[in-house]
Amino acid sequence: MLRRQNLLIVGLVAAIGCAGWLTARAAGEFQPDFPATAWMTAGLLVVLLVVALAFTVGLAQTRSEAQRLITARTLQLERARKAEKENSERLAVLLEDLTTAKRLSEEDHAEKKQLLGAITSILIGLDARGAVTKWNRVAAANFGIKEADVLGQPVEECGVSWDIGELQAALEECRDSGNPVKRQLTFTEVNGDEGTVGITINAVTTDDNEVSGFLILGANITQRLRADQDRLALEMQLRQAQKLESIGRLAAGIAHEINTPTQFVGDNIRFLSDAFDDVFEVIRRHTELLEAAAENKVTPEIIEAAREAADKADIEFLSEDVPQAISQSIDGTKRIAGIVAAMKAFSHPGGNQREVVDINQAIENTVTVASNEWKYVADVKLELDDTVPMVPCHPQEFNQVVLNLVVNAAHAIGDTEVVTEGGKGTITVSSKAVDDMLEVRIADTGSGIPLDVRDKIFDPFFTTKEVGRGTGQGLAIAHAAIVEKHGGSLDFESELGEGTVFIIRIPLEVSQDAQERTAA
Amino acid sequence: MMRVVFVDDEENILSGLKRMLRVKRREWDMAFAQSADAALEMMAVEPFHVIVSDMRMPGKDGVALLTEVMEKYPDTIRIALSGHADMEMILESVRATHQYLAKPCDAETLIATIDGARKLQDMLRNEKLKKLVSRMDRLPSLPSLYLEVMSEIREGGSLAKIGKIIAKDVAMTAKVLQLVNSAYFGLRRHIESPAQAATLLGLDVIRSLVLSTKVFSNFEQKNPALDLQALWSHSSKVGSLAKEIAIAEEASGKVRDNALMAGMLHGVGKLVLGAGLPEEYRKVAEVMKEKGLTEAEAEREVLGSNQAEVGAYLLGMWGLPNPIVEAVAYHQRPGAAGGDRFSVLTAVHAADAIVRANGAGDVPPDVDMEYLARLGLESRVAQWTTLWQELNTRKEVA
C-alpha cells in the first residue's frame, strides 16, 4: 500500500516536472527573450514545485485520511459482512425451522385428520352459539346428512330427527355445569327404522373458562340395545327353561310318586273286589245252610256246598290279607294326598311381596316334593328347630332354592361309590335362627366340590353335570334369589370326600327399604 | 306252569300284585323279589319264563337287572313295569326290555301281556331260536338306509324325512314301532306307521335312539347268503301291494296301515336268522337246492321252525300290534290261522305270493286258494294281480 502511495508521489512529481519542462520549452519556443521567459519559467517552476509540494503534502494527508476512511469502511464492511453472514445463517435456520414447522404442521394436520377420520364415533363440533363446526364422516353416515349441508347451521336445524328439545336441554346443562352430559336420543335411521344414538356432550372452554363451543361424541347404539334386549330375553328364557326343566323333572318325579301308590291301591281294590265275590258266595252258601238248619232241612250237600265255598275263598288267607290290603290302600291314598298337598304348597304362586312363611313347613314340603330325586340314593334327615320364627320371604323363590340344593345334594351323593355299590348317603337339612338371620343348612355326604371349580359354581351356565342333566343355571339362580331377592347370603363349605354344606341365610326381619327395593 | 317273577323295591307294590294276581295262582308260579339281587338269586336257583321289573330301584336298577337277565337267561321274556315317565330311563331300557308297561297298570293289561308272551314262547319250540330271538336287541339295517338316516339326523333333518327313511328299512321300522307302542309313551292306541312314530317320538328321542342308544345297527356283511338288498326290495313291494289289496277290499284305514307294515315286516325273521345263525341259514339254502324243497320246508327241516315264526316271535315280544304279528306268523300258511274274513294276514299272504310270482299268471302258485275260498275271496286274486301290474307300471313311469 505504502509503496503504491510513494510511486504515486514519484509519478506526480515526475508529471509536474514534465509539465514544467514542457511549459518552459513552450515558452522558450514562444518567447525568444530568455530572461523573462526564464523567470517566468523559473517562477512557474517554483509555483509548480510549491503546488507540487503542497499537493504532495495534501496528497499525503488525503492519502492517510483515505487510508483511515478505508480502514474504517473496511471495518464497517467487515462488520456488515459478518452481520449479514450471521443474518443469513440465522435466516437459513429460520427458514429451516419454518419448513420443519410447516411440515410438522402438515403432518399434524394429516394426523389429526386421520385420527378424526378413524374415529368410529359420531363427532359433531358446535361453536358457542350452537352452529355446527364439525360433522364427521360417521355422523354423515348415520344421519344421512353431508358435512357440507350442515356446516355453520344451528344444530337444531341440521335435519336430524332426534328430540331437539332434549338435545338443547342437554347442551344447556353442559354449559351450566361444565361437566360432560350423556343422553340417549332416538332418531330415524337412514333405512327408516327407529334408532338410538348415545351421546356425550363436552363443553369446549377458553382459558378464562368461557364456553366457546361443544363437542358431541356419539355412537349408534341401536344394535347394542337390541343385543342387550336379546340377551335379556335369552336370560329370561334360560331362567324359564331352568324352571321348566326343574318343573319337568319334578312332574316326572311326582308322577312316579303318585303312580306307585296308585298301582298298589288299584291292585288291592281289585283283590278286594275278587275277595268280596268269594266272600259273598260263602255268605250265600252259609245263609242257605242257616235257613236249612232253621227249617231242620240240612243235607250233607248243603253243608258240603258251604264248606266248598269257604275253601274256595280261602277264608284263612283272606282274613289275613284283606285287612292288610285295606290298611295299605289307606296308606297309599294318604301318600297320594300328601304329595299333592306338598306340591300345592310348594308351587304356591306368591306375589311380588314377601309373605310370612313357616320355613320348616316349607322345607318339609319341598323335601317331600323332591323325594323321587333323593330316595334311591339317600335318606333325608330333617333337623328343623321349631323355635325358628315365621320368616318374611318369597315362598316360591325360597322353595325353588331349597329344591335346587336338595336335588344337587342327591346328585352329588348319587355319584359316590357308596351309592354305586348299593348303599345310600345322607342329606341333612337343618334350620335355626342365628342372631337376626335364619340359617338353613343343606348338607350332603357326596364327594365334595373339586377345588378348581369352587369359585365358579355360582356362575351362570357353569355345570359339571353331563349334557342334558343341568343347564348350569340352578345355583346361579339360587344365589340371585337369596342375595338379591332376600338380602341374604348363600355360601358353602365343602370337603373333598366328605361332602358339601350349602348355607342359606336370610334376615328374620326385613328393613323398610329392603321391602320397597324387592317390591320394586 | 309258567314261572313269573316280579321285582319292585316297594313292598306294597309286590303285595298288591300278589293279591291282584291271586286269580292266576293256578296257572302261574309267581315269585316276588324286592331287589334286583334278590331276583337274580331266585333265577339262579330256577330260571323264570317271564320277569316283570320296576325300573328305578336303589342299588342295581331295572336296566342293569334286565341287561344281566338278557345275557344270562336270554329266553326269559323281559317286561318293564315302571311309574317313570322320564325319557332318560326309557331310552336306557330300550335295548334290555321286550315290552314296557306303565304304572298304574290294570290287571287285564298285565295279565294279557304276560299270557301273550307265554303264547309266543309256545309258538317257537326250538330253544336255540328262542334264545337267539330274545337276545336280539336290534336288527341289521340296510347300510345305505342306515347311513342315510344317520346323516339326516346329524344334519338335523326333518322328522317327516327321517320317518320316510325309517319306513323303507325293515329293521328300523320294527324297532321304532316297538318303541312307540310301548306304554311309556302314554299312547292309548297303537301306532302303525313309522312316519307317525317318528313324529310322535320327536327328533330328540330319535336322535338319541340312533346316536347314543344305537338301536339301529349297520349291517356288516358277515353272511353272504343273506341278501339284504333283495329282502328290502321284496319287503317294500309286498308292503305296497298288501296296502293296495286292503284298499281294493275296502278295509278300514287301520287294516290298510297294518297291511303295509306287516308286508314290510313279513320277512323280519330272515334278518334274525341271517344275522344270528349264519351257518344254519346257509344250510337252509343248501337243503332247498339238494332236496328241492320250498324255503319254508327247508327251514323247518334245518331249524325245526321257519323264518315266519321267528319273525312273529320277535315282533310279538316287542309288543307290536297283534294283526301284524299274526300276519307275519302265518303269511306262508294262512289257513292255519283261523279267521273267516279279509284281514291283514289275507293281504300280506296274497301280496307275498303275487310278488314272488312277479305277476305271472292269474293265480300265482303260492296262493292258498283253499284259504281264500273259505273267506269267499278266491275270485279276487286276478284283480289283486292286476293291482301288482299297475303298481309296477306306475313305478316304471315314475
# chains A, B, ... in the order shown; residues from 1 in each chain; ligands from 1
call {"tool": "closest_atom_pairs", "arguments": {"of": "chain A", "to": "chain B", "cutoff": "7 Å", "atoms": "only C-alpha atoms", "output": "CSV"}}
result
residue,atom,partner,partner_atom,distance
A:Ala252,CA,B:Ala85,CA,5.7
A:His256,CA,B:Gly83,CA,4.7
A:Asn259,CA,B:Gly83,CA,5.4
A:Thr260,CA,B:Gly83,CA,6.1
A:Thr262,CA,B:Pro104,CA,6.0
A:Gln263,CA,B:Pro104,CA,4.3
A:Phe264,CA,B:Gly16,CA,4.9
A:Asp267,CA,B:Gly16,CA,5.0
A:Asn268,CA,B:Gly16,CA,5.2
A:Arg270,CA,B:Met20,CA,5.9
A:Phe271,CA,B:Met20,CA,4.7
A:Gln328,CA,B:Asn12,CA,6.9
A:Tyr376,CA,B:Pro58,CA,4.6
A:Val377,CA,B:Pro58,CA,6.5
A:Val419,CA,B:Gly59,CA,6.8
A:Thr420,CA,B:Gly59,CA,6.6
A:Glu421,CA,B:Gly59,CA,6.6
A:Gly422,CA,B:Gly59,CA,3.7
A:Gly423,CA,B:Gly59,CA,6.6
call {"tool": "residues_around", "arguments": {"residues": "segment 222-239 of chain A", "least_positions_apart": "2", "cutoff": "7 Å", "atoms": "only C-alpha atoms", "output": "list of chain:residue names"}}
result
A:Gly195, A:Thr196, A:Val197, A:Asn220, A:Ala241, A:Gln242, A:Lys243
call {"tool": "residues_around", "arguments": {"residues": "Ala433 of chain A", "least_positions_apart": "2", "cutoff": "9 Å", "atoms": "only C-alpha atoms", "output": "ChimeraX atom specification"}}
result
/A:385,387-389,431,435-440,508
call {"tool": "select_by_dssp", "arguments": {"residues": "segment 227-416 of chain A", "states": "strand (DSSP E or B)", "output": "VMD selection string"}}
result
chain A and resid 355 to 357 378 to 384 391 to 393
call {"tool": "write_last_selection", "arguments": {"atoms": "N, CA and C atoms", "output": "PDB file, in the first residue's frame"}}
result
ATOM      1  N   GLU A 355     -93.991 -62.753  52.034  1.00  0.00           N
ATOM      2  CA  GLU A 355     -95.035 -63.274  52.902  1.00  0.00           C
ATOM      3  C   GLU A 355     -94.352 -63.895  54.100  1.00  0.00           C
ATOM      4  N   VAL A 356     -95.074 -63.896  55.204  1.00  0.00           N
ATOM      5  CA  VAL A 356     -94.510 -64.531  56.389  1.00  0.00           C
ATOM      6  C   VAL A 356     -94.748 -66.033  56.260  1.00  0.00           C
ATOM      7  N   VAL A 357     -93.659 -66.775  56.290  1.00  0.00           N
ATOM      8  CA  VAL A 357     -93.739 -68.193  55.943  1.00  0.00           C
ATOM      9  C   VAL A 357     -93.194 -69.052  57.075  1.00  0.00           C
ATOM     10  N   ALA A 378     -80.339 -91.614  48.878  1.00  0.00           N
ATOM     11  CA  ALA A 378     -80.054 -91.028  50.184  1.00  0.00           C
ATOM     12  C   ALA A 378     -81.262 -91.092  51.107  1.00  0.00           C
ATOM     13  N   ASP A 379     -80.971 -90.984  52.409  1.00  0.00           N
ATOM     14  CA  ASP A 379     -82.011 -90.734  53.391  1.00  0.00           C
ATOM     15  C   ASP A 379     -81.939 -89.257  53.723  1.00  0.00           C
ATOM     16  N   VAL A 380     -83.092 -88.676  53.983  1.00  0.00           N
ATOM     17  CA  VAL A 380     -83.074 -87.261  54.345  1.00  0.00           C
ATOM     18  C   VAL A 380     -83.328 -87.135  55.840  1.00  0.00           C
ATOM     19  N   LYS A 381     -82.442 -86.427  56.519  1.00  0.00           N
ATOM     20  CA  LYS A 381     -82.602 -86.178  57.946  1.00  0.00           C
ATOM     21  C   LYS A 381     -83.003 -84.714  58.108  1.00  0.00           C
ATOM     22  N   LEU A 382     -84.150 -84.484  58.753  1.00  0.00           N
ATOM     23  CA  LEU A 382     -84.570 -83.101  58.975  1.00  0.00           C
ATOM     24  C   LEU A 382     -84.235 -82.708  60.405  1.00  0.00           C
ATOM     25  N   GLU A 383     -83.478 -81.664  60.556  1.00  0.00           N
ATOM     26  CA  GLU A 383     -83.164 -81.163  61.899  1.00  0.00           C
ATOM     27  C   GLU A 383     -83.677 -79.726  61.979  1.00  0.00           C
ATOM     28  N   LEU A 384     -84.994 -79.629  62.036  1.00  0.00           N
ATOM     29  CA  LEU A 384     -85.609 -78.311  61.968  1.00  0.00           C
ATOM     30  C   LEU A 384     -85.915 -77.803  63.380  1.00  0.00           C
ATOM     31  N   VAL A 391     -90.774 -66.427  58.914  1.00  0.00           N
ATOM     32  CA  VAL A 391     -89.803 -65.569  58.240  1.00  0.00           C
ATOM     33  C   VAL A 391     -90.446 -64.903  57.034  1.00  0.00           C
ATOM     34  N   PRO A 392     -90.264 -63.590  56.905  1.00  0.00           N
ATOM     35  CA  PRO A 392     -90.806 -62.939  55.719  1.00  0.00           C
ATOM     36  C   PRO A 392     -89.949 -63.294  54.495  1.00  0.00           C
ATOM     37  N   CYS A 393     -90.541 -63.944  53.515  1.00  0.00           N
ATOM     38  CA  CYS A 393     -89.761 -64.272  52.322  1.00  0.00           C
ATOM     39  C   CYS A 393     -90.679 -64.476  51.123  1.00  0.00           C
TER      40      CYS A 393
END
call {"tool": "residues_around", "arguments": {"residues": "segment 343-355 of chain B", "least_positions_apart": "6", "cutoff": "9 Å", "atoms": "only C-alpha atoms", "output": "MDAnalysis selection string"}}
result
chainID B and resid 234:235 237:246 251 255:256 258:260 262:263 266 323:324 326:334 337 363:368 371:372 381 384:385 388
call {"tool": "write_last_selection", "arguments": {"atoms": "C-alpha atoms", "output": "mmCIF file, in the first residue's frame"}}
result
data_model
loop_
_atom_site.group_PDB
_atom_site.id
_atom_site.type_symbol
_atom_site.label_atom_id
_atom_site.label_comp_id
_atom_site.auth_asym_id
_atom_site.auth_seq_id
_atom_site.Cartn_x
_atom_site.Cartn_y
_atom_site.Cartn_z
ATOM 1 C CA HIS B 234 -89.134 -107.724 -1.767
ATOM 2 C CA SER B 235 -90.437 -106.405 1.570
ATOM 3 C CA LYS B 237 -93.053 -104.443 -2.716
ATOM 4 C CA VAL B 238 -95.125 -106.750 -0.541
ATOM 5 C CA GLY B 239 -95.892 -103.850 1.788
ATOM 6 C CA SER B 240 -97.141 -101.612 -1.028
ATOM 7 C CA LEU B 241 -99.168 -104.346 -2.667
ATOM 8 C CA ALA B 242 -100.693 -105.518 0.643
ATOM 9 C CA LYS B 243 -101.885 -101.986 1.242
ATOM 10 C CA GLU B 244 -103.319 -101.733 -2.295
ATOM 11 C CA ILE B 245 -105.137 -105.016 -1.762
ATOM 12 C CA ALA B 246 -106.545 -103.756 1.544
ATOM 13 C CA ALA B 251 -110.763 -102.423 4.504
ATOM 14 C CA VAL B 255 -106.172 -102.527 8.354
ATOM 15 C CA ARG B 256 -104.588 -100.711 5.391
ATOM 16 C CA ASN B 258 -101.275 -102.640 9.260
ATOM 17 C CA ALA B 259 -101.172 -104.368 5.879
ATOM 18 C CA LEU B 260 -98.414 -102.021 4.763
ATOM 19 C CA ALA B 262 -96.948 -106.322 8.075
ATOM 20 C CA GLY B 263 -95.959 -106.590 4.417
ATOM 21 C CA HIS B 266 -93.101 -110.144 6.980
ATOM 22 C CA PRO B 323 -102.739 -108.227 13.494
ATOM 23 C CA ILE B 324 -99.176 -107.557 12.335
ATOM 24 C CA GLU B 326 -100.385 -112.750 13.150
ATOM 25 C CA ALA B 327 -99.856 -111.753 9.531
ATOM 26 C CA VAL B 328 -96.098 -112.263 9.833
ATOM 27 C CA ALA B 329 -96.513 -115.618 11.614
ATOM 28 C CA TYR B 330 -98.949 -117.135 9.129
ATOM 29 C CA HIS B 331 -98.219 -115.405 5.864
ATOM 30 C CA GLN B 332 -96.931 -118.649 4.331
ATOM 31 C CA ARG B 333 -99.832 -120.799 5.548
ATOM 32 C CA PRO B 334 -102.787 -118.532 6.310
ATOM 33 C CA ALA B 337 -104.584 -119.072 11.500
ATOM 34 C CA VAL B 363 -103.266 -117.264 -9.876
ATOM 35 C CA PRO B 364 -99.710 -117.383 -8.531
ATOM 36 C CA PRO B 365 -98.678 -120.873 -7.354
ATOM 37 C CA ASP B 366 -98.077 -119.844 -3.723
ATOM 38 C CA VAL B 367 -101.587 -118.506 -3.146
ATOM 39 C CA ASP B 368 -103.549 -120.678 -0.742
ATOM 40 C CA TYR B 371 -107.957 -120.373 2.485
ATOM 41 C CA LEU B 372 -109.294 -117.746 0.108
ATOM 42 C CA VAL B 381 -106.965 -112.969 -6.856
ATOM 43 C CA TRP B 384 -105.091 -108.306 -6.998
ATOM 44 C CA THR B 385 -102.629 -109.493 -9.609
ATOM 45 C CA TRP B 388 -99.463 -105.555 -8.858
#
call {"tool": "residues_around", "arguments": {"residues": "Met2 of chain B", "least_positions_apart": "3", "cutoff": "8 Å", "atoms": "only C-alpha atoms", "output": "PyMOL selection string"}}
result
chain B and resi 27-29+48-50+118
call {"tool": "residues_around", "arguments": {"residues": "Val63 of chain B", "least_positions_apart": "6", "cutoff": "9 Å", "atoms": "only C-alpha atoms", "output": "list in words"}}
result
Met55, Arg56, Ala80, Met89, Glu92, Ser93, Val94, Arg95, Ala96 and Thr97 of chain B
call {"tool": "write_last_selection", "arguments": {"atoms": "C-alpha atoms", "output": "CSV table (one decimal), in the first residue's frame"}}
result
chain,number,residue,atom,x,y,z
B,55,MET,CA,-87.0,-99.6,36.6
B,56,ARG,CA,-85.8,-97.3,39.4
B,80,ALA,CA,-90.6,-103.3,32.4
B,89,MET,CA,-84.9,-94.1,31.7
B,92,GLU,CA,-81.7,-96.6,28.6
B,93,SER,CA,-84.1,-99.5,28.9
B,94,VAL,CA,-84.9,-99.7,25.2
B,95,ARG,CA,-82.5,-102.5,24.4
B,96,ALA,CA,-82.9,-104.6,27.5
B,97,THR,CA,-86.7,-104.8,27.6
call {"tool": "closest_residue", "arguments": {"among": "B:Ser252, B:Asn181, B:Ser141, B:Ser379", "to": "Ile166 of chain B", "atoms": "only C-alpha atoms"}}
result
B:Ser141
call {"tool": "closest_residue", "arguments": {"among": "B:Ser193, B:Ile51, B:Val272, B:Ala160", "to": "Pro140 of chain B", "atoms": "only C-alpha atoms"}}
result
B:Val272
call {"tool": "closest_residue", "arguments": {"among": "A:Glu397, A:Phe492, A:Gly499, A:Leu126", "to": "Asp415 of chain A", "atoms": "only C-alpha atoms"}}
result
A:Gly499
call {"tool": "atom_distance", "arguments": {"atom1": "atom CA of Glu280 of chain B", "atom2": "atom CA of Gly116 of chain B"}}
result
28.1 Å
call {"tool": "select_by_dssp", "arguments": {"residues": "segment 113-258 of chain B", "states": "alpha helix (DSSP H)", "output": "VMD selection string"}}
result
chain B and resid 113 to 123 127 to 135 143 to 154 159 to 168 170 to 180 194 to 211 228 to 248 253 to 258
call {"tool": "atom_distance", "arguments": {"atom1": "atom CA of Leu120 of chain B", "atom2": "atom CA of Ala167 of chain B"}}
result
25.5 Å
call {"tool": "atom_distance", "arguments": {"atom1": "atom CA of Lys334 of chain A", "atom2": "atom CA of Gln361 of chain A"}}
result
17.8 Å
